[in-house]
Amino acid sequence: MSQIGHNISLTERARRIRRHALRMGEVQGQGYIAQALGVADVLAVSYFHATNYRPEDPEWDGRDRFLLSIGHYAIALYAALIEAKIIPEDELETYGTDDSRLPMSGMAAYTPGMEITGGSLGHGLGIAVGMALALKRKKSSSFVYNLFSDGELDEGSTWEAAMSAGSYKLDNLIGIVDVNQMQADGPSIGVLNFEPLAAKFEAFGWFVQRVDGNDIGALVEAFDAARHHAEPKPRIIICDTKMAKGVPFLEARDRNHFLRVEPHEWAEALRIIDAGVEA
């Protein structure tokens, strides 16, 4: 991981990531804000505890690869990349505008630190398997992380990739599933029941952990265990997160897969997030 600002706590990193995401959301007045707030703790631990990278050289060959499968979560990853100083903070105001490097859906050709173009759900894990295989053949010590959503568990390609990773014993692959229990069509389990999730990945030959994805301490332990697990098998961290975590009036909305936020509510959301600043 980068050593920039190493004295800043992971809790404070997560708060800042939420703040960056809210400020970008305000530019457009709407968006996938609930996912960004929910996964902020996972991204804080990923970028400031677990992942090796160089902010000044996002394509450094020795970096760990962090793949965002869910292109509509781009606002969340941009917020982490801004906090990691891979993207300058002054670009935040360009979010979703013409000629911006921060389009509303993640595209690798536009954004420093964006490893793949996501958005066609169910593709990320397959790409991660190929990337992990290639790195092993190059004798690289880098890890490949792939963040994908519980909605992508409805895609057959995700399970084909999971089976392949187990078959190839890809011990340099760490999957991260954001289980926020909400999709565009409603609660995830109501759309298609993917449980028992841990047992399914175990059956496919993965080292499996399931944690509260909004518990920084639990996430640190899980990422450490994933990186240092001794068995030659892929690793997955199933993260149960809460949509819109940290902003109670947004958490309470029934369907918050895509949020339309009233102009006066952005200031209130930022006030709530700022109240959690560490001294």
# chains A, B, ... in the order shown; residues from 1 in each chain; ligands from 1
>>> residues_around(residues="region 15-28 of chain A", least_positions_apart="6", cutoff="6 Å", atoms="only C-alpha atoms", output="list in words")
Leu37, Ala79, Ala80, Leu92 and Tyr95 of chain A
>>> write_last_selection(atoms="all heavy atoms", output="tab-separated table (two decimals), in the first residue's frame")
chain	number	residue	atom	x	y	z
A	37	LEU	N	-21.39	4.95	-0.42
A	37	LEU	CA	-21.33	5.11	1.04
A	37	LEU	C	-21.19	3.74	1.71
A	37	LEU	O	-20.46	3.59	2.70
A	37	LEU	CB	-22.59	5.82	1.54
A	37	LEU	CG	-22.79	7.26	1.04
A	37	LEU	CD1	-24.16	7.78	1.46
A	37	LEU	CD2	-21.70	8.18	1.58
A	79	ALA	N	-13.72	8.06	-5.65
A	79	ALA	CA	-13.52	8.66	-4.33
A	79	ALA	C	-12.29	8.07	-3.65
A	79	ALA	O	-11.51	8.79	-3.01
A	79	ALA	CB	-14.77	8.44	-3.47
A	80	ALA	N	-12.10	6.76	-3.78
A	80	ALA	CA	-10.91	6.12	-3.20
A	80	ALA	C	-9.64	6.55	-3.93
A	80	ALA	O	-8.60	6.81	-3.30
A	80	ALA	CB	-11.06	4.60	-3.26
A	92	LEU	N	-12.66	16.47	-9.04
A	92	LEU	CA	-13.91	15.98	-8.48
A	92	LEU	C	-15.12	16.73	-9.05
A	92	LEU	O	-16.16	16.11	-9.34
A	92	LEU	CB	-13.81	16.15	-6.96
A	92	LEU	CG	-14.92	15.72	-6.04
A	92	LEU	CD1	-14.34	15.36	-4.67
A	92	LEU	CD2	-15.94	16.81	-5.87
A	95	TYR	N	-17.03	15.52	-12.36
A	95	TYR	CA	-17.66	14.20	-12.40
A	95	TYR	C	-18.87	14.18	-13.36
A	95	TYR	O	-19.79	14.98	-13.24
A	95	TYR	CB	-18.11	13.80	-11.00
A	95	TYR	CG	-18.98	12.55	-10.97
A	95	TYR	CD1	-18.44	11.30	-11.26
A	95	TYR	CD2	-20.33	12.63	-10.65
A	95	TYR	CE1	-19.22	10.17	-11.24
A	95	TYR	CE2	-21.12	11.50	-10.62
A	95	TYR	CZ	-20.56	10.27	-10.92
A	95	TYR	OH	-21.35	9.14	-10.91
>>> residues_around(residues="region 134-150 of chain A", least_positions_apart="3", cutoff="7 Å", atoms="only C-alpha atoms", output="PDB file with C-alpha atoms, in the first residue's frame")
ATOM      1  CA  GLY A  62       4.729  -4.350  -9.514  1.00  0.00           C
ATOM      2  CA  ARG A  63       1.349  -3.033  -8.307  1.00  0.00           C
ATOM      3  CA  ASP A  64      -1.503  -5.138  -7.056  1.00  0.00           C
ATOM      4  CA  ARG A  65      -4.414  -4.922  -9.481  1.00  0.00           C
ATOM      5  CA  PHE A  66      -7.756  -3.688  -8.140  1.00  0.00           C
ATOM      6  CA  LEU A  67     -10.524  -4.483 -10.601  1.00  0.00           C
ATOM      7  CA  LEU A  68     -13.941  -2.851 -10.308  1.00  0.00           C
ATOM      8  CA  SER A  69     -16.401  -5.193 -11.997  1.00  0.00           C
ATOM      9  CA  ILE A  70     -19.429  -3.047 -11.224  1.00  0.00           C
ATOM     10  CA  GLY A 124     -15.073  -8.765 -13.727  1.00  0.00           C
ATOM     11  CA  LEU A 125     -14.263 -12.056 -12.077  1.00  0.00           C
ATOM     12  CA  ALA A 128      -9.521 -11.213 -12.860  1.00  0.00           C
ATOM     13  CA  GLY A 130      -7.130 -14.270 -16.680  1.00  0.00           C
ATOM     14  CA  MET A 131      -5.075 -11.493 -15.106  1.00  0.00           C
ATOM     15  CA  LEU A 153     -24.039 -13.563  -8.509  1.00  0.00           C
ATOM     16  CA  ASN A 172      -2.982 -14.570  -6.049  1.00  0.00           C
ATOM     17  CA  LEU A 173      -6.686 -13.797  -6.589  1.00  0.00           C
ATOM     18  CA  ILE A 174      -8.791 -12.151  -3.872  1.00  0.00           C
ATOM     19  CA  GLY A 175     -12.471 -11.690  -4.676  1.00  0.00           C
ATOM     20  CA  ILE A 176     -14.497  -9.143  -2.697  1.00  0.00           C
ATOM     21  CA  VAL A 177     -18.292  -9.424  -2.870  1.00  0.00           C
ATOM     22  CA  ASP A 178     -20.338  -6.416  -1.799  1.00  0.00           C
ATOM     23  CA  VAL A 179     -23.492  -7.997  -0.396  1.00  0.00           C
TER      24      VAL A 179
END
>>> closest_residue(among="A:Asp99, A:Asp212, A:Asp90, A:Glu115", to="Trp60 (chain A)", atoms="only C-alpha atoms")
A:Glu115
>>> select_by_dssp(residues="region 113-260 of chain A", states="alpha helix (DSSP H)", output="NGL selection string")
:A and (124-137 or 156-167 or 188-191 or 197-203 or 216-228 or 248-251)
>>> residues_around(residues="Ala34 (chain A)", least_positions_apart="2", cutoff="12 Å", atoms="only C-alpha atoms", output="count of residues only")
42
>>> residues_around(residues="Thr117 (chain A)", least_positions_apart="2", cutoff="7 Å", atoms="only C-alpha atoms", output="VMD selection string")
chain A and resid 71 106 to 108 119
>>> residues_around(residues="Ala225 (chain A)", least_positions_apart="6", cutoff="12 Å", atoms="only C-alpha atoms", output="PDB file with C-alpha atoms, in the first residue's frame")
ATOM      1  CA  ALA A  50      -3.978  -4.138   1.683  1.00  0.00           C
ATOM      2  CA  ILE A 174      -8.791 -12.151  -3.872  1.00  0.00           C
ATOM      3  CA  PHE A 207     -10.744 -19.907   0.939  1.00  0.00           C
ATOM      4  CA  VAL A 208     -13.830 -18.108   2.229  1.00  0.00           C
ATOM      5  CA  GLN A 209     -14.377 -15.431   4.869  1.00  0.00           C
ATOM      6  CA  ARG A 210     -17.605 -13.519   5.596  1.00  0.00           C
ATOM      7  CA  ALA A 218     -12.940  -7.140  10.794  1.00  0.00           C
ATOM      8  CA  LEU A 219     -11.996  -6.089   7.275  1.00  0.00           C
ATOM      9  CA  GLU A 231      -3.300 -23.098   0.931  1.00  0.00           C
ATOM     10  CA  ARG A 235      -9.595 -16.315  -1.637  1.00  0.00           C
ATOM     11  CA  ILE A 236     -12.876 -14.497  -1.258  1.00  0.00           C
ATOM     12  CA  ILE A 237     -14.114 -11.985   1.293  1.00  0.00           C
TER      13      ILE A 237
END
>>> closest_residue(among="A:Pro112, A:Phe48, A:Thr97, A:Thr158", to="Tyr78 (chain A)", atoms="only C-alpha atoms")
A:Pro112
>>> select_by_dssp(residues="region 57-253 of chain A", states="strand (DSSP E or B)", output="NGL selection string")
:A and (65-68 or 144-149 or 173-179 or 183 or 186 or 207-212 or 235-240)
>>> write_last_selection(atoms="N, CA and C atoms", output="JSON list (two decimals), in the first residue's frame")
[["chain", "number", "residue", "atom", "x", "y", "z"],
["A", 65, "ARG", "N", -3.35, -5.40, -8.60],
["A", 65, "ARG", "CA", -4.41, -4.92, -9.48],
["A", 65, "ARG", "C", -5.74, -4.91, -8.73],
["A", 66, "PHE", "N", -6.43, -3.78, -8.77],
["A", 66, "PHE", "CA", -7.76, -3.69, -8.14],
["A", 66, "PHE", "C", -8.78, -3.48, -9.25],
["A", 67, "LEU", "N", -9.58, -4.50, -9.50],
["A", 67, "LEU", "CA", -10.52, -4.48, -10.60],
["A", 67, "LEU", "C", -11.93, -4.20, -10.08],
["A", 68, "LEU", "N", -12.56, -3.17, -10.65],
["A", 68, "LEU", "CA", -13.94, -2.85, -10.31],
["A", 68, "LEU", "C", -14.84, -3.46, -11.38],
["A", 144, "VAL", "N", -4.31, -9.90, -7.40],
["A", 144, "VAL", "CA", -5.42, -9.32, -8.16],
["A", 144, "VAL", "C", -6.64, -9.31, -7.25],
["A", 145, "TYR", "N", -7.17, -8.12, -6.99],
["A", 145, "TYR", "CA", -8.42, -7.98, -6.25],
["A", 145, "TYR", "C", -9.54, -7.74, -7.26],
["A", 146, "ASN", "N", -10.69, -8.33, -6.99],
["A", 146, "ASN", "CA", -11.84, -8.03, -7.85],
["A", 146, "ASN", "C", -13.05, -7.75, -6.97],
["A", 147, "LEU", "N", -13.51, -6.49, -7.03],
["A", 147, "LEU", "CA", -14.72, -6.11, -6.29],
["A", 147, "LEU", "C", -15.93, -6.29, -7.21],
["A", 148, "PHE", "N", -16.85, -7.14, -6.77],
["A", 148, "PHE", "CA", -18.09, -7.31, -7.53],
["A", 148, "PHE", "C", -19.27, -7.33, -6.58],
["A", 149, "SER", "N", -20.46, -7.31, -7.12],
["A", 149, "SER", "CA", -21.66, -7.11, -6.31],
["A", 149, "SER", "C", -22.47, -8.39, -6.17],
["A", 173, "LEU", "N", -5.40, -14.44, -6.29],
["A", 173, "LEU", "CA", -6.69, -13.80, -6.59],
["A", 173, "LEU", "C", -7.51, -13.65, -5.31],
["A", 174, "ILE", "N", -7.94, -12.42, -5.04],
["A", 174, "ILE", "CA", -8.79, -12.15, -3.87],
["A", 174, "ILE", "C", -10.08, -11.50, -4.37],
["A", 175, "GLY", "N", -11.17, -12.25, -4.32],
["A", 175, "GLY", "CA", -12.47, -11.69, -4.68],
["A", 175, "GLY", "C", -13.08, -10.97, -3.47],
["A", 176, "ILE", "N", -13.80, -9.91, -3.74],
["A", 176, "ILE", "CA", -14.50, -9.14, -2.70],
["A", 176, "ILE", "C", -15.94, -8.97, -3.18],
["A", 177, "VAL", "N", -16.89, -9.55, -2.47],
["A", 177, "VAL", "CA", -18.29, -9.42, -2.87],
["A", 177, "VAL", "C", -18.97, -8.41, -1.96],
["A", 178, "ASP", "N", -19.55, -7.38, -2.57],
["A", 178, "ASP", "CA", -20.34, -6.42, -1.80],
["A", 178, "ASP", "C", -21.77, -6.92, -1.72],
["A", 179, "VAL", "N", -22.13, -7.48, -0.59],
["A", 179, "VAL", "CA", -23.49, -8.00, -0.40],
["A", 179, "VAL", "C", -24.30, -6.91, 0.32],
["A", 183, "GLN", "N", -30.83, -4.55, -5.45],
["A", 183, "GLN", "CA", -30.59, -4.42, -6.88],
["A", 183, "GLN", "C", -31.61, -3.44, -7.46],
["A", 186, "GLY", "N", -35.06, -4.64, -6.90],
["A", 186, "GLY", "CA", -35.50, -4.89, -5.53],
["A", 186, "GLY", "C", -34.48, -5.67, -4.74],
["A", 207, "PHE", "N", -10.85, -20.24, -0.49],
["A", 207, "PHE", "CA", -10.74, -19.91, 0.94],
["A", 207, "PHE", "C", -11.72, -18.77, 1.20],
["A", 208, "VAL", "N", -12.68, -19.01, 2.09],
["A", 208, "VAL", "CA", -13.83, -18.11, 2.23],
["A", 208, "VAL", "C", -13.85, -17.46, 3.61],
["A", 209, "GLN", "N", -14.11, -16.16, 3.62],
["A", 209, "GLN", "CA", -14.38, -15.43, 4.87],
["A", 209, "GLN", "C", -15.61, -14.57, 4.65],
["A", 210, "ARG", "N", -16.43, -14.41, 5.68],
["A", 210, "ARG", "CA", -17.60, -13.52, 5.60],
["A", 210, "ARG", "C", -17.56, -12.56, 6.77],
["A", 211, "VAL", "N", -17.61, -11.27, 6.47],
["A", 211, "VAL", "CA", -17.45, -10.26, 7.53],
["A", 211, "VAL", "C", -18.48, -9.15, 7.36],
["A", 212, "ASP", "N", -18.65, -8.37, 8.42],
["A", 212, "ASP", "CA", -19.40, -7.11, 8.35],
["A", 212, "ASP", "C", -18.55, -6.13, 7.53],
["A", 235, "ARG", "N", -9.02, -16.77, -2.91],
["A", 235, "ARG", "CA", -9.60, -16.31, -1.64],
["A", 235, "ARG", "C", -10.76, -15.37, -1.93],
["A", 236, "ILE", "N", -11.77, -15.43, -1.09],
["A", 236, "ILE", "CA", -12.88, -14.50, -1.26],
["A", 236, "ILE", "C", -13.30, -13.95, 0.10],
["A", 237, "ILE", "N", -13.60, -12.65, 0.09],
["A", 237, "ILE", "CA", -14.11, -11.98, 1.29],
["A", 237, "ILE", "C", -15.54, -11.53, 0.98],
["A", 238, "ILE", "N", -16.50, -12.15, 1.62],
["A", 238, "ILE", "CA", -17.90, -11.78, 1.45],
["A", 238, "ILE", "C", -18.20, -10.67, 2.45],
["A", 239, "CYS", "N", -18.53, -9.48, 1.94],
["A", 239, "CYS", "CA", -18.70, -8.30, 2.79],
["A", 239, "CYS", "C", -20.18, -7.91, 2.85],
["A", 240, "ASP", "N", -20.79, -8.07, 4.00],
["A", 240, "ASP", "CA", -22.17, -7.62, 4.19],
["A", 240, "ASP", "C", -22.14, -6.14, 4.53]]
>>> atom_distance(atom1="CA of Glu12 (chain A)", atom2="CA of Met104 (chain A)")
25.2 Å
>>> atom_distance(atom1="CA of Asp41 (chain A)", atom2="CA of Ala14 (chain A)")
5.1 Å
>>> closest_residue(among="A:Asp171, A:Glu160, A:Glu155, A:Glu195", to="Pro234 (chain A)", atoms="only C-alpha atoms")
A:Asp171
>>> closest_residue(among="A:Pro232, A:Ala84, A:Leu270, A:Gly217", to="His6 (chain A)", atoms="only C-alpha atoms")
A:Ala84
>>> residues_around(residues="Thr11 (chain A)", least_positions_apart="6", cutoff="9 Å", atoms="only C-alpha atoms", output="compact mmCIF listing (two decimals) with N, CA and C atoms, in the first residue's frame")
# COMPACT_ATOMS: atom_id res chain seq x y z
N ASP A 41 -15.88 1.64 3.54
CA ASP A 41 -14.96 0.99 4.49
C ASP A 41 -14.11 -0.08 3.79
N ALA A 44 -11.47 1.75 1.85
CA ALA A 44 -10.45 2.32 2.73
C ALA A 44 -9.43 1.26 3.13
N VAL A 45 -9.90 0.09 3.50
CA VAL A 45 -8.98 -0.98 3.88
C VAL A 45 -8.21 -1.49 2.66
N ILE A 216 -14.29 -1.89 10.20
CA ILE A 216 -12.91 -1.71 9.73
C ILE A 216 -11.99 -2.80 10.31
N GLU A 278 -12.22 12.95 12.58
CA GLU A 278 -11.36 12.67 13.72
C GLU A 278 -10.50 13.88 14.05
>>> closest_residue(among="A:Glu262, A:Asp185, A:Glu152, A:Asp224", to="His49 (chain A)", atoms="only C-alpha atoms")
A:Asp224
>>> decode(residues="region 119-132 of chain A", atoms="N, CA, C and O atoms", output="compact mmCIF listing (two decimals), in the first residue's frame")
# COMPACT_ATOMS: atom_id res chain seq x y z
N GLY A 119 -19.19 -2.72 -15.96
CA GLY A 119 -20.54 -2.29 -16.29
C GLY A 119 -21.38 -3.38 -16.90
O GLY A 119 -22.57 -3.47 -16.62
N SER A 120 -20.80 -4.21 -17.77
CA SER A 120 -21.52 -5.40 -18.23
C SER A 120 -21.37 -6.43 -17.13
O SER A 120 -20.33 -7.08 -17.00
N LEU A 121 -22.38 -6.55 -16.30
CA LEU A 121 -22.24 -7.29 -15.05
C LEU A 121 -21.86 -8.75 -15.28
O LEU A 121 -22.33 -9.39 -16.21
N GLY A 122 -20.99 -9.24 -14.39
CA GLY A 122 -20.57 -10.64 -14.46
C GLY A 122 -19.28 -10.86 -15.21
O GLY A 122 -18.83 -11.99 -15.34
N HIS A 123 -18.66 -9.79 -15.70
CA HIS A 123 -17.42 -9.96 -16.45
C HIS A 123 -16.17 -9.82 -15.59
O HIS A 123 -15.11 -10.32 -15.93
N GLY A 124 -16.27 -9.11 -14.49
CA GLY A 124 -15.07 -8.77 -13.73
C GLY A 124 -14.30 -9.95 -13.21
O GLY A 124 -13.07 -9.99 -13.32
N LEU A 125 -14.99 -10.93 -12.66
CA LEU A 125 -14.26 -12.06 -12.08
C LEU A 125 -13.55 -12.86 -13.16
O LEU A 125 -12.44 -13.36 -12.94
N GLY A 126 -14.17 -12.99 -14.33
CA GLY A 126 -13.51 -13.70 -15.43
C GLY A 126 -12.23 -12.99 -15.86
O GLY A 126 -11.20 -13.63 -16.12
N ILE A 127 -12.29 -11.67 -15.96
CA ILE A 127 -11.09 -10.90 -16.31
C ILE A 127 -10.03 -11.07 -15.23
O ILE A 127 -8.84 -11.22 -15.52
N ALA A 128 -10.47 -11.06 -13.97
CA ALA A 128 -9.52 -11.21 -12.86
C ALA A 128 -8.82 -12.57 -12.91
O ALA A 128 -7.63 -12.68 -12.61
N VAL A 129 -9.56 -13.60 -13.28
CA VAL A 129 -8.95 -14.94 -13.40
C VAL A 129 -7.85 -14.92 -14.46
O VAL A 129 -6.74 -15.42 -14.24
N GLY A 130 -8.15 -14.34 -15.62
CA GLY A 130 -7.13 -14.27 -16.68
C GLY A 130 -5.92 -13.46 -16.25
O GLY A 130 -4.77 -13.84 -16.51
N MET A 131 -6.17 -12.35 -15.56
CA MET A 131 -5.07 -11.49 -15.11
C MET A 131 -4.23 -12.21 -14.06
O MET A 131 -2.99 -12.13 -14.08
N ALA A 132 -4.87 -12.92 -13.16
CA ALA A 132 -4.13 -13.65 -12.12
C ALA A 132 -3.29 -14.77 -12.74
O ALA A 132 -2.14 -14.99 -12.34
